[in-house]
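Raw data15.pdb, PDB, C-alpha atoms, pLDDT in the B column:
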```pdb
MODEL        1
ATOM      1  CA  MET A   1      -8.491  14.268  -3.073  1.00 60.00           C
ATOM      2  CA  LYS A   2      -9.540  11.908  -5.883  1.00 62.00           C
ATOM      3  CA  LYS A   3      -8.490  14.496  -8.481  1.00 65.00           C
ATOM      4  CA  LEU A   4      -5.069  14.859  -6.856  1.00 58.00           C
ATOM      5  CA  PHE A   5      -4.608  11.084  -6.797  1.00 59.00           C
ATOM      6  CA  PHE A   6      -5.646  10.901 -10.483  1.00 63.00           C
ATOM      7  CA  VAL A   7      -3.174  13.643 -11.483  1.00 57.00           C
ATOM      8  CA  VAL A   8      -0.342  11.974  -9.540  1.00 55.00           C
ATOM      9  CA  ALA A   9      -1.177   8.595 -11.136  1.00 57.00           C
ATOM     10  CA  ILE A  10      -1.034  10.114 -14.629  1.00 62.00           C
ATOM     11  CA  LEU A  11       2.291  11.826 -13.865  1.00 54.00           C
ATOM     12  CA  VAL A  12       3.789   8.600 -12.491  1.00 55.00           C
ATOM     13  CA  ALA A  13       2.593   6.670 -15.548  1.00 58.00           C
ATOM     14  CA  GLY A  14       4.078   9.312 -17.843  1.00 56.00           C
ATOM     15  CA  VAL A  15       7.419   9.232 -16.047  1.00 55.00           C
ATOM     16  CA  ALA A  16       7.415   5.423 -16.197  1.00 53.00           C
ATOM     17  CA  VAL A  17       6.871   5.463 -19.973  1.00 53.00           C
ATOM     18  CA  GLN A  18       9.573   8.104 -20.484  1.00 55.00           C
ATOM     19  CA  ALA A  19      11.945   6.382 -18.078  1.00 57.00           C
ATOM     20  CA  GLN A  20      12.115   3.156 -20.104  1.00 86.00           C
ATOM     21  CA  VAL A  21      11.042   0.967 -17.182  1.00 93.00           C
ATOM     22  CA  LYS A  22      12.093  -2.662 -17.611  1.00 95.00           C
ATOM     23  CA  PHE A  23      10.490  -5.746 -16.077  1.00 96.00           C
ATOM     24  CA  GLY A  24      12.019  -9.144 -15.587  1.00 96.00           C
ATOM     25  CA  ALA A  25      12.242 -12.534 -13.955  1.00 97.00           C
ATOM     26  CA  LYS A  26      15.096 -13.907 -11.891  1.00 97.00           C
ATOM     27  CA  VAL A  27      16.170 -17.343 -10.614  1.00 98.00           C
ATOM     28  CA  GLY A  28      19.260 -18.592  -8.834  1.00 97.00           C
ATOM     29  CA  GLY A  29      20.920 -20.304  -5.914  1.00 97.00           C
ATOM     30  CA  ASN A  30      21.530 -19.221  -2.317  1.00 94.00           C
ATOM     31  CA  LEU A  31      24.158 -19.991   0.259  1.00 95.00           C
ATOM     32  CA  SER A  32      22.630 -18.834   3.547  1.00 94.00           C
ATOM     33  CA  MET A  33      24.130 -18.739   7.007  1.00 93.00           C
ATOM     34  CA  TRP A  34      23.420 -17.701  10.591  1.00 89.00           C
ATOM     35  CA  GLY A  35      25.570 -15.316  12.587  1.00 87.00           C
ATOM     36  CA  GLY A  36      25.389 -13.618  15.972  1.00 84.00           C
ATOM     37  CA  ASP A  37      26.448 -14.510  19.532  1.00 81.00           C
ATOM     38  CA  ASP A  38      23.879 -17.263  20.041  1.00 81.00           C
ATOM     39  CA  ALA A  39      24.330 -18.727  16.554  1.00 77.00           C
ATOM     40  CA  ASP A  40      28.048 -19.169  17.237  1.00 72.00           C
ATOM     41  CA  ALA A  41      27.208 -21.334  20.260  1.00 68.00           C
ATOM     42  CA  ILE A  42      25.582 -24.016  18.053  1.00 76.00           C
ATOM     43  CA  ASP A  43      28.200 -23.720  15.241  1.00 80.00           C
ATOM     44  CA  PRO A  44      25.750 -23.560  12.304  1.00 83.00           C
ATOM     45  CA  LYS A  45      26.927 -24.427   8.792  1.00 88.00           C
ATOM     46  CA  SER A  46      25.892 -22.795   5.527  1.00 90.00           C
ATOM     47  CA  LYS A  47      22.831 -24.139   3.745  1.00 91.00           C
ATOM     48  CA  PHE A  48      22.170 -24.239   0.000  1.00 94.00           C
ATOM     49  CA  GLY A  49      18.783 -23.037  -1.299  1.00 94.00           C
ATOM     50  CA  PHE A  50      17.266 -21.144  -4.211  1.00 96.00           C
ATOM     51  CA  HIS A  51      15.464 -17.914  -5.063  1.00 97.00           C
ATOM     52  CA  ALA A  52      13.028 -16.924  -7.808  1.00 98.00           C
ATOM     53  CA  GLY A  53      10.797 -13.967  -8.532  1.00 97.00           C
ATOM     54  CA  ALA A  54      10.097 -10.728 -10.371  1.00 97.00           C
ATOM     55  CA  ILE A  55      12.143  -7.549 -10.787  1.00 97.00           C
ATOM     56  CA  VAL A  56      11.488  -4.014 -12.040  1.00 96.00           C
ATOM     57  CA  ASN A  57      14.256  -1.631 -13.125  1.00 96.00           C
ATOM     58  CA  ILE A  58      13.375   2.088 -13.086  1.00 96.00           C
ATOM     59  CA  PRO A  59      16.022   4.427 -14.563  1.00 95.00           C
ATOM     60  CA  VAL A  60      16.500   7.706 -12.697  1.00 94.00           C
ATOM     61  CA  SER A  61      19.382   8.943 -14.900  1.00 92.00           C
ATOM     62  CA  SER A  62      21.592   7.631 -17.699  1.00 89.00           C
ATOM     63  CA  MET A  63      23.751   5.641 -15.249  1.00 94.00           C
ATOM     64  CA  PHE A  64      21.569   5.080 -12.173  1.00 96.00           C
ATOM     65  CA  SER A  65      18.367   3.143 -11.609  1.00 96.00           C
ATOM     66  CA  VAL A  66      16.203   1.855  -8.763  1.00 97.00           C
ATOM     67  CA  GLN A  67      15.413  -1.857  -8.785  1.00 97.00           C
ATOM     68  CA  PRO A  68      12.706  -3.234  -6.477  1.00 97.00           C
ATOM     69  CA  GLU A  69      12.282  -7.021  -6.465  1.00 97.00           C
ATOM     70  CA  VAL A  70       9.929  -9.610  -4.995  1.00 97.00           C
ATOM     71  CA  LEU A  71      11.664 -12.973  -4.549  1.00 97.00           C
ATOM     72  CA  PHE A  72      10.844 -16.223  -2.811  1.00 97.00           C
ATOM     73  CA  SER A  73      14.047 -17.355  -1.095  1.00 96.00           C
ATOM     74  CA  ALA A  74      14.782 -20.708   0.581  1.00 96.00           C
ATOM     75  CA  GLU A  75      17.251 -19.994   3.388  1.00 94.00           C
ATOM     76  CA  GLY A  76      18.216 -21.284   6.829  1.00 90.00           C
ATOM     77  CA  ALA A  77      21.149 -23.120   8.365  1.00 90.00           C
ATOM     78  CA  LYS A  78      22.394 -26.614   9.161  1.00 88.00           C
ATOM     79  CA  VAL A  79      23.719 -27.943  12.471  1.00 85.00           C
ATOM     80  CA  GLU A  80      25.845 -31.064  12.172  1.00 82.00           C
ATOM     81  CA  SER A  81      24.937 -33.852  14.578  1.00 78.00           C
ATOM     82  CA  ASP A  82      25.070 -37.639  14.808  1.00 72.00           C
ATOM     83  CA  PRO A  83      23.417 -39.624  13.291  1.00 74.00           C
ATOM     84  CA  ASP A  84      21.439 -36.970  11.318  1.00 76.00           C
ATOM     85  CA  ASP A  85      22.072 -33.275  10.725  1.00 79.00           C
ATOM     86  CA  LEU A  86      19.490 -30.759  11.952  1.00 86.00           C
ATOM     87  CA  ASN A  87      18.308 -28.561   9.056  1.00 88.00           C
ATOM     88  CA  TYR A  88      16.529 -25.274   9.672  1.00 89.00           C
ATOM     89  CA  ASN A  89      14.525 -24.589   6.488  1.00 93.00           C
ATOM     90  CA  LEU A  90      13.220 -21.016   6.273  1.00 94.00           C
ATOM     91  CA  GLY A  91      11.188 -19.619   3.383  1.00 95.00           C
ATOM     92  CA  PHE A  92      11.129 -15.840   2.922  1.00 96.00           C
ATOM     93  CA  ILE A  93       9.485 -13.422   0.518  1.00 97.00           C
ATOM     94  CA  ASN A  94      12.384 -10.974   0.158  1.00 96.00           C
ATOM     95  CA  ILE A  95      11.716  -7.419  -1.043  1.00 97.00           C
ATOM     96  CA  PRO A  96      14.968  -5.564  -1.768  1.00 97.00           C
ATOM     97  CA  VAL A  97      14.937  -1.977  -3.081  1.00 97.00           C
ATOM     98  CA  LEU A  98      18.321  -1.392  -4.684  1.00 97.00           C
ATOM     99  CA  LEU A  99      20.100   1.621  -6.109  1.00 97.00           C
ATOM    100  CA  GLN A 100      22.070   0.456  -9.170  1.00 97.00           C
ATOM    101  CA  TYR A 101      25.039   2.044 -10.897  1.00 97.00           C
ATOM    102  CA  ASN A 102      24.901   0.952 -14.551  1.00 96.00           C
ATOM    103  CA  ASN A 103      28.115   1.173 -16.557  1.00 96.00           C
ATOM    104  CA  PRO A 104      27.609   1.494 -20.335  1.00 94.00           C
ATOM    105  CA  SER A 105      29.691  -1.691 -20.783  1.00 95.00           C
ATOM    106  CA  GLY A 106      26.900  -3.711 -19.126  1.00 95.00           C
ATOM    107  CA  PHE A 107      28.447  -4.142 -15.692  1.00 98.00           C
ATOM    108  CA  TYR A 108      26.433  -2.904 -12.714  1.00 97.00           C
ATOM    109  CA  ALA A 109      26.832  -2.507  -8.948  1.00 98.00           C
ATOM    110  CA  GLU A 110      23.957  -2.280  -6.491  1.00 98.00           C
ATOM    111  CA  THR A 111      23.154  -1.689  -2.844  1.00 98.00           C
ATOM    112  CA  GLY A 112      20.092  -1.105  -0.693  1.00 97.00           C
ATOM    113  CA  PRO A 113      17.812  -2.332   2.090  1.00 97.00           C
ATOM    114  CA  GLN A 114      15.893  -5.586   2.047  1.00 97.00           C
ATOM    115  CA  ILE A 115      13.001  -6.820   4.125  1.00 95.00           C
ATOM    116  CA  GLY A 116      12.207 -10.522   4.304  1.00 95.00           C
ATOM    117  CA  LEU A 117       8.737 -11.753   5.232  1.00 96.00           C
ATOM    118  CA  LEU A 118       8.875 -15.206   6.817  1.00 95.00           C
ATOM    119  CA  MET A 119       6.484 -17.628   5.087  1.00 96.00           C
ATOM    120  CA  THR A 120       7.636 -20.998   6.473  1.00 94.00           C
ATOM    121  CA  ALA A 121      10.050 -22.300   9.112  1.00 93.00           C
ATOM    122  CA  LYS A 122      10.692 -25.995   9.702  1.00 93.00           C
ATOM    123  CA  ALA A 123      13.261 -28.032  11.559  1.00 90.00           C
ATOM    124  CA  LYS A 124      14.130 -31.327   9.878  1.00 88.00           C
ATOM    125  CA  MET A 125      16.209 -34.134  11.358  1.00 86.00           C
ATOM    126  CA  GLY A 126      16.075 -37.506   9.627  1.00 80.00           C
ATOM    127  CA  ASP A 127      12.416 -38.281   8.945  1.00 80.00           C
ATOM    128  CA  ALA A 128      11.147 -35.789  11.551  1.00 82.00           C
ATOM    129  CA  ASP A 129       9.902 -32.468  10.171  1.00 82.00           C
ATOM    130  CA  GLU A 130       8.576 -29.936  12.711  1.00 88.00           C
ATOM    131  CA  ASP A 131       6.914 -26.549  12.102  1.00 86.00           C
ATOM    132  CA  ILE A 132       8.842 -23.944  14.153  1.00 87.00           C
ATOM    133  CA  LYS A 133       7.513 -20.728  12.585  1.00 89.00           C
ATOM    134  CA  ASP A 134       6.247 -19.468  15.969  1.00 89.00           C
ATOM    135  CA  SER A 135       9.867 -19.418  17.219  1.00 89.00           C
ATOM    136  CA  PHE A 136      10.908 -16.859  14.581  1.00 88.00           C
ATOM    137  CA  LYS A 137      10.097 -13.213  13.950  1.00 91.00           C
ATOM    138  CA  GLY A 138       7.882 -12.477  10.977  1.00 93.00           C
ATOM    139  CA  THR A 139      10.440 -10.158   9.342  1.00 94.00           C
ATOM    140  CA  ASN A 140      14.148 -10.164   8.614  1.00 94.00           C
ATOM    141  CA  PHE A 141      15.900  -6.864   7.890  1.00 95.00           C
ATOM    142  CA  SER A 142      19.137  -6.880   5.912  1.00 96.00           C
ATOM    143  CA  TRP A 143      21.373  -4.724   3.721  1.00 97.00           C
ATOM    144  CA  ALA A 144      22.235  -5.988   0.249  1.00 97.00           C
ATOM    145  CA  ILE A 145      25.260  -5.310  -1.944  1.00 98.00           C
ATOM    146  CA  GLY A 146      25.947  -6.894  -5.308  1.00 98.00           C
ATOM    147  CA  ALA A 147      27.292  -6.726  -8.841  1.00 98.00           C
ATOM    148  CA  GLY A 148      26.642  -8.293 -12.200  1.00 98.00           C
ATOM    149  CA  TYR A 149      26.452  -7.962 -15.941  1.00 98.00           C
ATOM    150  CA  LYS A 150      23.506  -7.094 -18.224  1.00 95.00           C
ATOM    151  CA  MET A 151      23.662  -8.152 -21.878  1.00 95.00           C
ATOM    152  CA  SER A 152      22.023  -6.152 -24.662  1.00 91.00           C
ATOM    153  CA  ASN A 153      19.601  -9.053 -25.416  1.00 94.00           C
ATOM    154  CA  GLY A 154      17.978  -8.741 -21.951  1.00 93.00           C
ATOM    155  CA  PHE A 155      19.766 -11.625 -20.226  1.00 96.00           C
ATOM    156  CA  GLY A 156      22.140 -11.085 -17.348  1.00 97.00           C
ATOM    157  CA  PHE A 157      23.716 -12.586 -14.253  1.00 97.00           C
ATOM    158  CA  GLY A 158      24.711 -11.304 -10.854  1.00 97.00           C
ATOM    159  CA  VAL A 159      25.876 -12.014  -7.323  1.00 98.00           C
ATOM    160  CA  ARG A 160      24.562 -10.429  -4.136  1.00 97.00           C
ATOM    161  CA  TYR A 161      25.243 -10.594  -0.410  1.00 97.00           C
ATOM    162  CA  ALA A 162      22.496  -9.658   2.072  1.00 96.00           C
ATOM    163  CA  LEU A 163      23.897  -8.994   5.538  1.00 95.00           C
ATOM    164  CA  GLY A 164      21.352  -9.746   8.269  1.00 92.00           C
ATOM    165  CA  LEU A 165      20.852  -6.745  10.548  1.00 92.00           C
ATOM    166  CA  GLY A 166      18.163  -7.930  12.962  1.00 88.00           C
ATOM    167  CA  ASN A 167      17.535 -10.902  15.203  1.00 90.00           C
ATOM    168  CA  ILE A 168      15.351 -13.557  13.510  1.00 88.00           C
ATOM    169  CA  ILE A 169      14.503 -15.487  16.706  1.00 87.00           C
ATOM    170  CA  ASP A 170      11.349 -14.329  18.507  1.00 83.00           C
ATOM    171  CA  GLU A 171      13.090 -13.795  21.872  1.00 83.00           C
ATOM    172  CA  ASP A 172      14.608 -10.527  23.125  1.00 79.00           C
ATOM    173  CA  ASP A 173      17.728 -12.065  24.684  1.00 82.00           C
ATOM    174  CA  VAL A 174      18.726 -14.240  21.686  1.00 82.00           C
ATOM    175  CA  ASP A 175      21.079 -12.997  18.948  1.00 85.00           C
ATOM    176  CA  VAL A 176      20.768 -14.925  15.659  1.00 89.00           C
ATOM    177  CA  LYS A 177      20.962 -13.130  12.305  1.00 90.00           C
ATOM    178  CA  GLN A 178      20.161 -14.592   8.856  1.00 91.00           C
ATOM    179  CA  SER A 179      22.539 -13.600   6.050  1.00 94.00           C
ATOM    180  CA  ASN A 180      22.483 -14.819   2.475  1.00 94.00           C
ATOM    181  CA  PHE A 181      24.799 -14.999  -0.538  1.00 96.00           C
ATOM    182  CA  GLY A 182      22.951 -15.337  -3.841  1.00 95.00           C
ATOM    183  CA  PHE A 183      23.980 -15.912  -7.435  1.00 97.00           C
ATOM    184  CA  GLY A 184      21.560 -16.014 -10.315  1.00 95.00           C
ATOM    185  CA  VAL A 185      20.438 -15.219 -13.839  1.00 98.00           C
ATOM    186  CA  PHE A 186      17.689 -12.888 -15.032  1.00 97.00           C
ATOM    187  CA  TYR A 187      15.896 -11.731 -18.142  1.00 97.00           C
ATOM    188  CA  MET A 188      14.640  -8.155 -18.628  1.00 95.00           C
ATOM    189  CA  PHE A 189      12.053  -6.998 -21.146  1.00 89.00           C
ATOM    190  CA  GLY A 190      10.523  -3.628 -21.974  1.00 83.00           C
ATOM    191  CA  GLY A 191      12.449  -0.407 -22.152  1.00 72.00           C
ATOM    192  CA  ASP A 192      15.492  -0.319 -24.341  1.00 60.00           C
ATOM    193  CA  LYS A 193      17.514  -3.313 -23.014  1.00 48.00           C
ATOM    194  CA  LYS A 194      20.773  -1.288 -23.148  1.00 48.00           C
TER     195      LYS A 194
ENDMDL
END
```
Go ahead and render the structure in this file as structure tokens.
Amino acid sequence: MKKLFFVVAILVAGVAVQAQVKFGAKVGGNLSMWGGDDADAIDPKSKFGFHAGAIVNIPVSSMFSVQPEVLFSAEGAKVESDPDDLNYNLGFINIPVLLQYNNPSGFYAETGPQIGLLMTAKAKMGDADEDIKDSFKGTNFSWAIGAGYKMSNGFGFGVRYALGLGNIIDEDDVDVKQSNFGFGVFYMFGGDKK
């Protein structure tokens, strides 16, 4: 079994070298929102946040690649009230695995599944800040679709929408889904930057 694992590891490493794997870093802003039957009842508003993390781009042909990412993402929603708004601040480690179409001009389109691992959840109103992580599920499943542009020097920018597919509240009879629109910049190194 160890020999088989060793052979597979060498083959994967060889493919990675031949495939011109690129690594990178990414940072940007988020506009997140809640949807679903129970979210509509409280009329949540969009909330601005940020994301940052690491990306790997693995070519599978001249025009297609697979891009897994690991990103910290500040998401949530806001409910307007008087005198202070109620802010739901959620922190996720998002792990999308995207299939990218790469046009030779530099433009790309992407789509794929994403899982979000909930790290923090707080409700803030005025000076009060309460930990509410136990009220939420530990994972958020979504489907991402996006587009962008990669420059030959390694820099690029893109936009992405992640549609929430599963309930984020830890109750069976509650329907609240977390979706997120992101826009950001990235830098890739390694491979042949084309």
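Listed by chain and then by number, the residues chosen by the PyMOL selection byres ((chain A and resi 35) around 7) in this file are Met33, Trp34, Gly36, Ala39, Asp40, Val176, Lys177 and Gln178 of chain A.
The space separating atom CA of A:Gly146 from atom CA of A:Thr111 comes to 6.4 Å.
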### Query
Of the residues A:Ala25, A:Val97, A:Ile145, A:Ala74, which is the one nearest to A:Thr120, using all atoms listed in the file?
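Residue with the minimum atom-to-atom distance to A:Thr120: A:Ala74.
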### Message
Nearest residue to A:Pro59 out of A:Phe157, A:Met151, A:Gln100, A:Phe183, using only C-alpha atoms?
### Response
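Using only C-alpha atoms, the shortest distance to A:Pro59 belongs to A:Gln100.
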What does the PyMOL selection byres ((chain A and resi 158-161) around 9) select in this file, as a PDB file with C-alpha atoms, in the frame of the given file?
```pdb
ATOM      1  CA  TYR A 108      26.433  -2.904 -12.714  1.00 97.00           C
ATOM      2  CA  GLU A 110      23.957  -2.280  -6.491  1.00 98.00           C
ATOM      3  CA  THR A 111      23.154  -1.689  -2.844  1.00 98.00           C
ATOM      4  CA  TRP A 143      21.373  -4.724   3.721  1.00 97.00           C
ATOM      5  CA  ALA A 144      22.235  -5.988   0.249  1.00 97.00           C
ATOM      6  CA  ILE A 145      25.260  -5.310  -1.944  1.00 98.00           C
ATOM      7  CA  GLY A 146      25.947  -6.894  -5.308  1.00 98.00           C
ATOM      8  CA  ALA A 147      27.292  -6.726  -8.841  1.00 98.00           C
ATOM      9  CA  GLY A 148      26.642  -8.293 -12.200  1.00 98.00           C
ATOM     10  CA  TYR A 149      26.452  -7.962 -15.941  1.00 98.00           C
ATOM     11  CA  LYS A 150      23.506  -7.094 -18.224  1.00 95.00           C
ATOM     12  CA  GLY A 156      22.140 -11.085 -17.348  1.00 97.00           C
ATOM     13  CA  PHE A 157      23.716 -12.586 -14.253  1.00 97.00           C
ATOM     14  CA  ALA A 162      22.496  -9.658   2.072  1.00 96.00           C
ATOM     15  CA  LEU A 163      23.897  -8.994   5.538  1.00 95.00           C
ATOM     16  CA  SER A 179      22.539 -13.600   6.050  1.00 94.00           C
ATOM     17  CA  ASN A 180      22.483 -14.819   2.475  1.00 94.00           C
ATOM     18  CA  PHE A 181      24.799 -14.999  -0.538  1.00 96.00           C
ATOM     19  CA  GLY A 182      22.951 -15.337  -3.841  1.00 95.00           C
ATOM     20  CA  PHE A 183      23.980 -15.912  -7.435  1.00 97.00           C
ATOM     21  CA  GLY A 184      21.560 -16.014 -10.315  1.00 95.00           C
ATOM     22  CA  VAL A 185      20.438 -15.219 -13.839  1.00 98.00           C
ATOM     23  CA  PHE A 186      17.689 -12.888 -15.032  1.00 97.00           C
TER      24      PHE A 186
END
```
### Gap from atom CA of A:Val21 to atom CA of A:Gln114 - Å, one decimal
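According to the coordinates, atom CA of A:Val21 and atom CA of A:Gln114 are separated by 20.9 Å.
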### Query
Quick one: residues within 9 Å of A:Ala77, only C-alpha atoms counted, chain neighbours fewer than 2 positions away excluded, as a ChimeraX atom specification?
/A:32-34,44-48,75,79,86-90,178
### Task
Quote the spacing between atom CA of A:Gly191 and atom CA of A:Gly112 in Å to one decimal place.
22.8 Å
What lies within 8 Å of A:Ile169 using all atoms listed in the file, ignoring chain neighbours under 3 positions off, as an mmCIF file with C-alpha atoms, keeping the file's coordinate frame?
```
data_model
loop_
_atom_site.group_PDB
_atom_site.id
_atom_site.type_symbol
_atom_site.label_atom_id
_atom_site.label_comp_id
_atom_site.auth_asym_id
_atom_site.auth_seq_id
_atom_site.Cartn_x
_atom_site.Cartn_y
_atom_site.Cartn_z
ATOM 1 C CA SER A 135 9.867 -19.418 17.219
ATOM 2 C CA PHE A 136 10.908 -16.859 14.581
ATOM 3 C CA LYS A 137 10.097 -13.213 13.950
ATOM 4 C CA VAL A 174 18.726 -14.240 21.686
ATOM 5 C CA ASP A 175 21.079 -12.997 18.948
ATOM 6 C CA VAL A 176 20.768 -14.925 15.659
#
```
### Task
Find the residue from A:Gly164, A:Gly190, A:Gly91, A:Gly24 that sits nearest to A:Asp131; use all atoms listed in the file when measuring.
A:Gly91
### Query
Is there a way to get, as JSON, numbers by chain, all residues within 7 Å of the point (16.1, -35.6, 12.5) in file coordinates, counting only C-alpha atoms?
{"A": [84, 85, 86, 124, 125, 126, 127, 128]}
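Counting all atoms listed in the file and comparing A:Gly138, A:Pro104, A:Gly29, A:Pro113, the residue that lies closest to A:Ser73 is A:Gly29.
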### Task
Name the residues that the PyMOL selection byres ((chain A and resi 63) around 12) picks from the file above, as a ChimeraX atom specification, using the file's chain letters and numbers.
/A:58-62,64-66,99-110,194
### Query
Given the choices A:Leu31, A:Leu98, A:Ile115, A:Ile55, which gets closest to A:Gly166 if the distance is worked out from only C-alpha atoms?
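Using only C-alpha atoms, the shortest distance to A:Gly166 belongs to A:Ile115.
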Stretch 60-73 of chain A: axis-aligned bounding box, 6 Å on each side, centre and edge lengths in Å, one decimal, as lines of an AutoDock Vina configuration file:
```
center_x = 16.8
center_y = -4.2
center_z = -9.4
size_x = 25.8
size_y = 38.3
size_z = 28.6
```
